[in-house]
$ cat entry.cif   # mmCIF, C-alpha atoms
data_protein
loop_
_atom_site.label_atom_id
_atom_site.label_comp_id
_atom_site.auth_asym_id
_atom_site.auth_seq_id
_atom_site.Cartn_x
_atom_site.Cartn_y
_atom_site.Cartn_z
CA MET A 1 0.00 0.00 0.00
CA ARG A 2 1.49 3.31 -1.05
CA TYR A 3 0.83 6.79 0.26
CA LEU A 4 2.16 10.07 -1.11
CA PRO A 5 5.17 11.29 0.90
CA LEU A 6 4.29 14.95 0.39
CA SER A 7 2.13 15.59 3.40
CA GLY A 8 1.13 19.05 2.23
CA LEU A 9 -0.23 17.75 -1.07
CA ILE A 10 -2.09 14.95 0.67
CA LEU A 11 -3.63 17.37 3.16
CA ALA A 12 -4.79 19.61 0.33
CA PHE A 13 -6.61 16.64 -1.22
CA ALA A 14 -8.39 15.85 2.03
CA LEU A 15 -9.48 19.39 2.72
CA ALA A 16 -10.81 19.63 -0.82
CA ALA A 17 -13.17 16.78 0.04
CA CYS A 18 -15.08 18.97 2.49
CA ASP A 19 -17.72 20.98 0.68
CA SER A 20 -19.31 22.60 3.69
CA GLY A 21 -17.88 26.11 3.39
CA PRO A 22 -14.75 27.64 4.94
CA GLU A 23 -13.87 26.68 8.46
CA ALA A 24 -12.48 29.04 11.10
CA PRO A 25 -9.53 27.24 12.63
CA GLN A 26 -9.28 29.68 15.49
CA GLN A 27 -12.66 28.62 16.81
CA PRO A 28 -12.49 25.85 19.44
CA VAL A 29 -14.06 22.56 18.44
CA PRO A 30 -15.98 20.56 21.05
CA ASP A 31 -14.41 17.46 22.49
CA ALA A 32 -15.53 14.29 20.74
CA ALA A 33 -16.89 13.10 24.07
CA GLU A 34 -19.04 16.20 24.57
CA ASP A 35 -22.64 16.43 23.39
CA GLY A 36 -22.52 18.30 20.09
CA SER A 37 -25.65 20.27 19.47
CA VAL A 38 -24.99 21.71 16.02
CA GLU A 39 -26.66 19.81 13.20
CA ALA A 40 -24.74 19.98 9.97
CA PRO A 41 -24.95 18.57 6.46
CA ALA A 42 -22.72 15.71 5.47
CA VAL A 43 -19.21 16.29 4.24
CA SER A 44 -19.18 15.79 0.48
CA GLN A 45 -16.43 14.25 -1.60
CA ASP A 46 -17.65 16.02 -4.76
CA ALA A 47 -14.69 18.42 -4.75
CA ALA A 48 -12.15 15.69 -4.04
CA PRO A 49 -9.78 15.07 -6.96
CA GLU A 50 -9.52 11.60 -8.44
CA THR A 51 -6.39 10.00 -7.04
CA GLU A 52 -6.63 6.51 -8.50
CA ASN A 53 -7.84 5.45 -11.94
CA ALA A 54 -8.16 1.77 -11.19
CA GLU A 55 -11.32 0.32 -9.69
CA PRO A 56 -10.92 -0.84 -6.08
CA GLU A 57 -10.17 -4.52 -5.81
CA LEU A 58 -13.38 -6.51 -5.44
CA VAL A 59 -13.32 -8.11 -2.04
CA GLU A 60 -15.79 -10.84 -1.26
CA GLU A 61 -14.48 -11.71 2.18
CA SER A 62 -14.40 -9.45 5.20
CA ALA A 63 -11.76 -9.33 7.88
CA SER A 64 -13.50 -6.58 9.84
CA VAL A 65 -14.09 -7.01 13.54
CA SER A 66 -17.66 -7.69 14.57
CA ASP A 67 -19.24 -8.78 17.82
CA ASP A 68 -17.54 -12.19 17.62
CA ALA A 69 -13.83 -12.77 17.21
CA GLU A 70 -14.60 -15.26 14.43
CA ALA A 71 -16.09 -12.52 12.27
CA ASP A 72 -12.61 -11.70 10.97
CA THR A 73 -12.76 -14.79 8.77
CA GLN A 74 -16.44 -14.65 7.79
CA PRO A 75 -17.38 -13.80 4.21
CA LEU A 76 -19.32 -10.70 3.39
CA MET A 77 -22.96 -11.72 3.67
CA LEU A 78 -25.74 -10.35 1.49
CA ALA A 79 -28.62 -9.24 3.67
CA GLN A 80 -31.64 -11.43 3.05
CA ASP A 81 -34.14 -9.75 0.75
CA ASN A 82 -36.55 -12.55 -0.11
CA VAL A 83 -39.39 -11.57 2.19
CA ALA A 84 -41.65 -8.63 1.46
CA GLU A 85 -41.61 -5.83 4.00
CA SER A 86 -44.58 -5.75 6.33
CA GLU A 87 -47.08 -3.00 5.80
CA GLY A 88 -46.87 -0.33 8.44
CA ASN A 89 -47.54 3.29 9.20
CA TRP A 90 -43.98 4.46 8.75
CA LYS A 91 -42.98 8.02 9.59
CA PHE A 92 -40.14 8.38 7.09
CA THR A 93 -40.23 8.19 3.31
CA GLU A 94 -37.96 6.33 0.91
CA GLY A 95 -36.32 8.71 -1.55
CA ARG A 96 -36.54 11.62 0.90
CA HIS A 97 -35.29 10.51 4.31
CA PHE A 98 -33.36 7.48 3.11
CA HIS A 99 -32.43 5.71 -0.13
CA ARG A 100 -32.74 2.04 -0.90
CA LEU A 101 -29.70 0.25 -2.33
CA VAL A 102 -30.70 -1.97 -5.24
CA PRO A 103 -29.65 -4.71 -5.15
CA THR A 104 -29.07 -5.19 -1.44
CA GLN A 105 -25.32 -5.01 -0.75
CA PRO A 106 -22.97 -6.99 1.51
CA THR A 107 -22.51 -6.22 5.17
CA VAL A 108 -19.38 -6.47 7.30
CA GLY A 109 -20.73 -9.20 9.59
CA GLY A 110 -23.08 -12.11 9.14
CA SER A 111 -26.84 -12.26 8.68
CA ASP A 112 -27.45 -13.14 12.34
CA LYS A 113 -28.10 -9.48 13.19
CA ILE A 114 -29.29 -6.29 11.53
CA GLU A 115 -26.17 -4.29 10.79
CA VAL A 116 -25.96 -0.52 11.22
CA ALA A 117 -22.77 0.85 9.65
CA GLU A 118 -21.53 4.41 10.14
CA ILE A 119 -19.20 5.63 7.39
CA PHE A 120 -17.00 8.39 8.79
CA TRP A 121 -13.71 10.30 8.51
CA TYR A 122 -11.66 11.49 11.48
CA GLY A 123 -11.03 14.83 9.75
CA CYS A 124 -14.74 15.56 9.19
CA ASN A 125 -16.14 18.17 11.58
CA HIS A 126 -19.67 16.84 10.97
CA CYS A 127 -18.56 13.34 11.96
CA LEU A 128 -17.17 14.91 15.14
CA ASP A 129 -20.55 16.54 15.81
CA PHE A 130 -22.34 13.23 15.20
CA GLU A 131 -20.11 11.27 17.62
CA PRO A 132 -22.01 11.94 20.88
CA HIS A 133 -25.33 11.17 19.17
CA ILE A 134 -24.28 7.83 17.69
CA ASN A 135 -22.40 6.86 20.85
CA ARG A 136 -25.52 7.34 23.00
CA TRP A 137 -27.59 5.44 20.46
CA GLU A 138 -25.10 2.54 20.45
CA GLU A 139 -25.38 2.16 24.22
CA ASP A 140 -29.10 1.37 23.94
CA LYS A 141 -29.25 -0.30 20.53
CA PRO A 142 -31.60 -3.31 20.21
CA ALA A 143 -30.21 -6.75 20.95
CA ASN A 144 -30.72 -7.85 17.35
CA VAL A 145 -28.51 -5.04 15.99
CA ARG A 146 -24.77 -4.95 15.32
CA PHE A 147 -23.08 -1.52 15.03
CA VAL A 148 -19.90 -1.12 13.00
CA ARG A 149 -17.82 1.79 11.76
CA ILE A 150 -16.38 1.91 8.26
CA PRO A 151 -13.82 4.63 7.43
CA ALA A 152 -14.25 6.66 4.25
CA MET A 153 -11.74 5.93 1.48
CA TRP A 154 -11.99 8.60 -1.20
CA ASN A 155 -8.50 10.20 -1.30
CA PRO A 156 -4.96 9.51 0.01
CA LEU A 157 -5.25 11.25 3.39
CA VAL A 158 -8.72 9.83 4.05
CA LYS A 159 -7.39 6.35 3.20
CA LEU A 160 -4.42 6.93 5.52
CA HIS A 161 -6.87 7.70 8.33
CA GLY A 162 -8.80 4.57 7.37
CA GLN A 163 -5.62 2.56 7.88
CA LEU A 164 -5.22 4.35 11.22
CA TYR A 165 -8.74 3.28 12.23
CA TYR A 166 -8.20 -0.37 11.35
CA THR A 167 -4.81 -0.39 13.08
CA GLU A 168 -6.64 0.96 16.14
CA GLU A 169 -9.34 -1.71 15.76
CA VAL A 170 -6.87 -4.60 15.60
CA LEU A 171 -4.83 -3.25 18.53
CA VAL A 172 -8.05 -3.00 20.57
CA LYS A 173 -8.89 -6.61 19.70
CA ASN A 174 -5.38 -7.65 20.80
CA ASP A 175 -5.71 -5.74 24.11
CA LYS A 176 -3.01 -3.23 23.22
CA ILE A 177 -5.30 -0.22 23.76
CA GLU A 178 -6.85 -0.09 27.22
CA ASP A 179 -9.72 2.34 26.56
CA PRO A 180 -11.01 2.07 22.97
CA ALA A 181 -13.62 4.82 23.31
CA ALA A 182 -11.09 7.26 24.78
CA PHE A 183 -8.59 6.53 22.02
CA HIS A 184 -11.23 6.96 19.30
CA ALA A 185 -12.15 10.35 20.79
CA ALA A 186 -8.47 11.26 21.09
CA VAL A 187 -7.95 10.81 17.35
CA PHE A 188 -10.79 13.23 16.59
CA ASN A 189 -9.37 15.70 19.10
CA GLU A 190 -5.84 15.36 17.71
CA TYR A 191 -7.08 16.51 14.32
CA HIS A 192 -9.65 19.12 15.34
CA ARG A 193 -8.32 20.58 18.61
CA ARG A 194 -4.57 20.07 18.45
CA GLY A 195 -4.31 20.86 14.74
CA ASN A 196 -2.34 17.68 14.03
CA ARG A 197 -3.66 16.53 10.64
CA LEU A 198 -1.98 13.11 10.92
CA THR A 199 -0.63 13.28 7.38
CA SER A 200 2.10 10.65 7.72
CA GLU A 201 2.80 7.26 9.20
CA THR A 202 5.34 8.89 11.55
CA ALA A 203 2.76 11.32 12.97
CA ILE A 204 0.24 8.52 13.39
CA GLN A 205 2.75 6.26 15.14
CA ALA A 206 3.61 9.08 17.56
CA LEU A 207 -0.09 9.39 18.46
CA PHE A 208 -0.34 5.66 19.20
CA GLU A 209 2.85 5.74 21.29
CA ARG A 210 1.47 8.63 23.37
CA HIS A 211 -1.44 6.36 24.25
CA GLY A 212 0.67 3.44 25.39
CA VAL A 213 1.17 1.43 22.17
CA SER A 214 4.76 0.37 21.60
CA ALA A 215 6.50 1.15 18.32
CA ALA A 216 6.89 -2.58 17.68
CA ASP A 217 3.20 -3.29 18.21
CA PHE A 218 2.23 -0.36 16.03
CA GLN A 219 4.51 -1.33 13.15
CA ALA A 220 3.51 -5.00 13.25
CA THR A 221 -0.18 -4.05 13.10
CA TRP A 222 0.07 -1.10 10.69
CA LYS A 223 1.83 -3.26 8.08
CA SER A 224 -0.19 -6.42 8.72
CA PHE A 225 -2.23 -8.34 6.16
CA GLU A 226 -5.23 -8.06 8.48
CA VAL A 227 -5.26 -4.26 8.34
CA ALA A 228 -4.62 -4.26 4.58
CA GLN A 229 -7.56 -6.61 4.07
CA LYS A 230 -9.86 -4.41 6.14
CA VAL A 231 -8.86 -1.39 4.05
CA ARG A 232 -9.68 -3.29 0.84
CA VAL A 233 -13.08 -4.31 2.22
CA ALA A 234 -13.84 -0.68 3.21
CA GLU A 235 -12.92 0.50 -0.30
CA ASP A 236 -15.21 -2.11 -1.82
CA LEU A 237 -18.13 -1.30 0.48
CA ALA A 238 -17.78 2.45 -0.10
CA ARG A 239 -18.14 1.78 -3.82
CA ARG A 240 -21.06 -0.61 -3.34
CA TYR A 241 -22.85 1.79 -0.97
CA ASN A 242 -22.15 4.76 -3.29
CA ILE A 243 -20.75 6.86 -0.46
CA THR A 244 -20.24 10.47 -1.56
CA GLY A 245 -20.27 12.19 1.83
CA VAL A 246 -19.89 11.54 5.53
CA PRO A 247 -21.24 10.87 8.05
CA ALA A 248 -23.45 8.35 6.30
CA VAL A 249 -25.31 5.38 7.74
CA VAL A 250 -26.15 2.13 5.94
CA VAL A 251 -28.69 -0.23 7.51
CA ASN A 252 -28.32 -3.93 6.70
CA GLY A 253 -26.73 -3.26 3.33
CA LYS A 254 -30.15 -2.10 2.11
CA TYR A 255 -30.78 1.49 3.18
CA ARG A 256 -28.48 4.54 3.11
CA THR A 257 -29.21 7.74 4.99
CA GLY A 258 -27.50 10.73 6.63
CA GLY A 259 -28.07 13.93 8.58
CA ALA A 260 -28.99 15.99 5.52
CA GLU A 261 -31.68 13.54 4.39
CA ALA A 262 -33.07 13.03 7.87
CA GLY A 263 -33.08 16.73 8.77
CA GLY A 264 -30.59 16.61 11.66
CA TYR A 265 -28.79 14.14 13.88
CA PRO A 266 -31.61 13.42 16.36
CA GLU A 267 -33.89 12.80 13.38
CA LEU A 268 -31.23 10.60 11.80
CA LEU A 269 -31.32 8.33 14.83
CA GLU A 270 -35.10 8.10 14.44
CA VAL A 271 -34.66 7.11 10.78
CA ILE A 272 -32.15 4.43 11.81
CA ASP A 273 -34.57 3.05 14.40
CA GLU A 274 -37.39 2.94 11.85
CA LEU A 275 -35.22 1.15 9.29
CA ILE A 276 -34.30 -1.38 11.96
CA ALA A 277 -38.00 -1.84 12.68
CA ARG A 278 -38.67 -2.38 8.98
CA GLU A 279 -35.99 -5.06 8.83
CA THR A 280 -37.21 -6.67 12.06
CA ALA A 281 -40.77 -6.84 10.72
CA ARG A 282 -39.73 -8.66 7.55
#
$ encode --input "entry.cif" --output "structure tokens"
Amino acid sequence: MRYLPLSGLILAFALAACDSGPEAPQQPVPDAAEDGSVEAPAVSQDAAPETENAEPELVEESASVSDDAEADTQPLMLAQDNVAESEGNWKFTEGRHFHRLVPTQPTVGGSDKIEVAEIFWYGCNHCLDFEPHINRWEEDKPANVRFVRIPAMWNPLVKLHGQLYYTEEVLVKNDKIEDPAAFHAAVFNEYHRRGNRLTSETAIQALFERHGVSAADFQATWKSFEVAQKVRVAEDLARRYNITGVPAVVVNGKYRTGGAEAGGYPELLEVIDELIARETAR
């Protein structure tokens, strides 16, 4: 896996992906752990330059971590779509509040649960705002639901941060990071509060070392086949889900929605709950 050594050029690509107007860097950004109250549209990748001409490698097997340790070796499973949805008095409308993916696409885990996937980028201020909302929702999610995060993959810096996320995920699984939630929040804060854009492997390794991960553990994980496979799966799913902005949410490989469609982050959680109810009623 190759990344451009010119950190300035890479950073310019990433910032071009945000189409939400100029930001004021002197303004403080809330901690990722705090309750963000500002609702914002999704970050768009429309302005992001094309960085690769080749199609992402088609990956039919997922190594992403799910609720069970065995999920690393499970194949991507197509959500079952052979039963008609039950009639109901639904509050939200297809085509307005959410979009249906046709055909139904793979999920990270198996078909034993309804999967809710958040597609995000650490450098996205809207993803930062959404964090406290989705974290509270995850705490009380239904027992038949699995929540996963999938990093965005649309330009070199965003992909580098995707590799960061999956390195973090594997180190958590291997008990090398004591407090996963605190580390996840710390990455957001490193970018948005400390102004460290994490544009190189060296800068990313320094962040992990500050949080108790040894250089040896970082390097072994960062360069591992497991992380590389997770990155390939994320690239494939982003293409299948037609992700053009973040934060986005995909329910069971069938429905895609976001804050702009729903009308705000509290409303987005309501849309997610209704889509789960639709899938449960099938």
$ closest_residue --input "entry.cif" --among "A:His133, A:Phe208, A:Arg239, A:Ile177" --to "Gly264 in chain A" --atoms "all atoms listed in the file"
A:His133
$ closest_residue --input "entry.cif" --among "A:Glu94, A:Leu207, A:Ser200, A:Ala117" --to "Arg278 in chain A" --atoms "all atoms listed in the file"
A:Glu94
$ resolve_selection --input "entry.cif" --expression "the PyMOL selection byres ((chain A and resi 145) around 10)" --output "list in words"
Asp112, Lys113, Ile114, Glu115, Val116, Glu138, Lys141, Pro142, Ala143, Asn144, Arg146, Phe147, Val148, Val251, Asn252, Ile276 and Thr280 of chain A
$ residues_near_point --input "entry.cif" --point "(-14.7, 12.6, 11.1)" --cutoff "10 Å" --atoms "only C-alpha atoms" --output "PyMOL selection string"
chain A and resi 32+43+119-131+151-152+158+161+187-188+191-192+246-247
$ atom_distance --input "entry.cif" --atom1 "CA of Leu171 in chain A" --atom2 "CA of Glu235 in chain A"
20.8 Å
$ closest_residue --input "entry.cif" --among "A:Lys91, A:Phe98, A:Gln205, A:Asn135" --to "Glu118 in chain A" --atoms "all atoms listed in the file"
A:Asn135
$ atom_distance --input "entry.cif" --atom1 "CA of His184 in chain A" --atom2 "CA of Ser111 in chain A"
26.9 Å
$ closest_residue --input "entry.cif" --among "A:Trp154, A:Phe183, A:Tyr255, A:Trp90" --to "Ala238 in chain A" --atoms "only C-alpha atoms"
A:Trp154
$ atom_distance --input "entry.cif" --atom1 "CA of Arg96 in chain A" --atom2 "CA of Tyr241 in chain A"
17.0 Å
$ decode --input "entry.cif" --residues "range 193-269 of chain A" --atoms "C-alpha atoms" --output "tab-separated table (two decimals), in the first residue's frame"
chain	number	residue	atom	x	y	z
A	193	ARG	CA	-8.32	20.58	18.61
A	194	ARG	CA	-4.57	20.07	18.45
A	195	GLY	CA	-4.31	20.86	14.74
A	196	ASN	CA	-2.34	17.68	14.03
A	197	ARG	CA	-3.66	16.53	10.64
A	198	LEU	CA	-1.98	13.11	10.92
A	199	THR	CA	-0.63	13.28	7.38
A	200	SER	CA	2.10	10.65	7.72
A	201	GLU	CA	2.80	7.26	9.20
A	202	THR	CA	5.34	8.89	11.55
A	203	ALA	CA	2.76	11.32	12.97
A	204	ILE	CA	0.24	8.52	13.39
A	205	GLN	CA	2.75	6.26	15.14
A	206	ALA	CA	3.61	9.08	17.56
A	207	LEU	CA	-0.09	9.39	18.46
A	208	PHE	CA	-0.34	5.66	19.20
A	209	GLU	CA	2.85	5.74	21.29
A	210	ARG	CA	1.47	8.63	23.37
A	211	HIS	CA	-1.44	6.36	24.25
A	212	GLY	CA	0.67	3.44	25.39
A	213	VAL	CA	1.17	1.43	22.17
A	214	SER	CA	4.76	0.37	21.60
A	215	ALA	CA	6.50	1.15	18.32
A	216	ALA	CA	6.89	-2.58	17.68
A	217	ASP	CA	3.20	-3.29	18.21
A	218	PHE	CA	2.23	-0.36	16.03
A	219	GLN	CA	4.51	-1.33	13.15
A	220	ALA	CA	3.51	-5.00	13.25
A	221	THR	CA	-0.18	-4.05	13.10
A	222	TRP	CA	0.07	-1.10	10.69
A	223	LYS	CA	1.83	-3.26	8.08
A	224	SER	CA	-0.19	-6.42	8.72
A	225	PHE	CA	-2.23	-8.34	6.16
A	226	GLU	CA	-5.23	-8.06	8.48
A	227	VAL	CA	-5.26	-4.26	8.34
A	228	ALA	CA	-4.62	-4.26	4.58
A	229	GLN	CA	-7.56	-6.61	4.07
A	230	LYS	CA	-9.86	-4.41	6.14
A	231	VAL	CA	-8.86	-1.39	4.05
A	232	ARG	CA	-9.68	-3.29	0.84
A	233	VAL	CA	-13.08	-4.31	2.22
A	234	ALA	CA	-13.84	-0.68	3.21
A	235	GLU	CA	-12.92	0.50	-0.30
A	236	ASP	CA	-15.21	-2.11	-1.82
A	237	LEU	CA	-18.13	-1.30	0.48
A	238	ALA	CA	-17.78	2.45	-0.10
A	239	ARG	CA	-18.14	1.78	-3.82
A	240	ARG	CA	-21.06	-0.61	-3.34
A	241	TYR	CA	-22.85	1.79	-0.97
A	242	ASN	CA	-22.15	4.76	-3.29
A	243	ILE	CA	-20.75	6.86	-0.46
A	244	THR	CA	-20.24	10.47	-1.56
A	245	GLY	CA	-20.27	12.19	1.83
A	246	VAL	CA	-19.89	11.54	5.53
A	247	PRO	CA	-21.24	10.87	8.05
A	248	ALA	CA	-23.45	8.35	6.30
A	249	VAL	CA	-25.31	5.38	7.74
A	250	VAL	CA	-26.15	2.13	5.94
A	251	VAL	CA	-28.69	-0.23	7.51
A	252	ASN	CA	-28.32	-3.93	6.70
A	253	GLY	CA	-26.73	-3.26	3.33
A	254	LYS	CA	-30.15	-2.10	2.11
A	255	TYR	CA	-30.78	1.49	3.18
A	256	ARG	CA	-28.48	4.54	3.11
A	257	THR	CA	-29.21	7.74	4.99
A	258	GLY	CA	-27.50	10.73	6.63
A	259	GLY	CA	-28.07	13.93	8.58
A	260	ALA	CA	-28.99	15.99	5.52
A	261	GLU	CA	-31.68	13.54	4.39
A	262	ALA	CA	-33.07	13.03	7.87
A	263	GLY	CA	-33.08	16.73	8.77
A	264	GLY	CA	-30.59	16.61	11.66
A	265	TYR	CA	-28.79	14.14	13.88
A	266	PRO	CA	-31.61	13.42	16.36
A	267	GLU	CA	-33.89	12.80	13.38
A	268	LEU	CA	-31.23	10.60	11.80
A	269	LEU	CA	-31.32	8.33	14.83
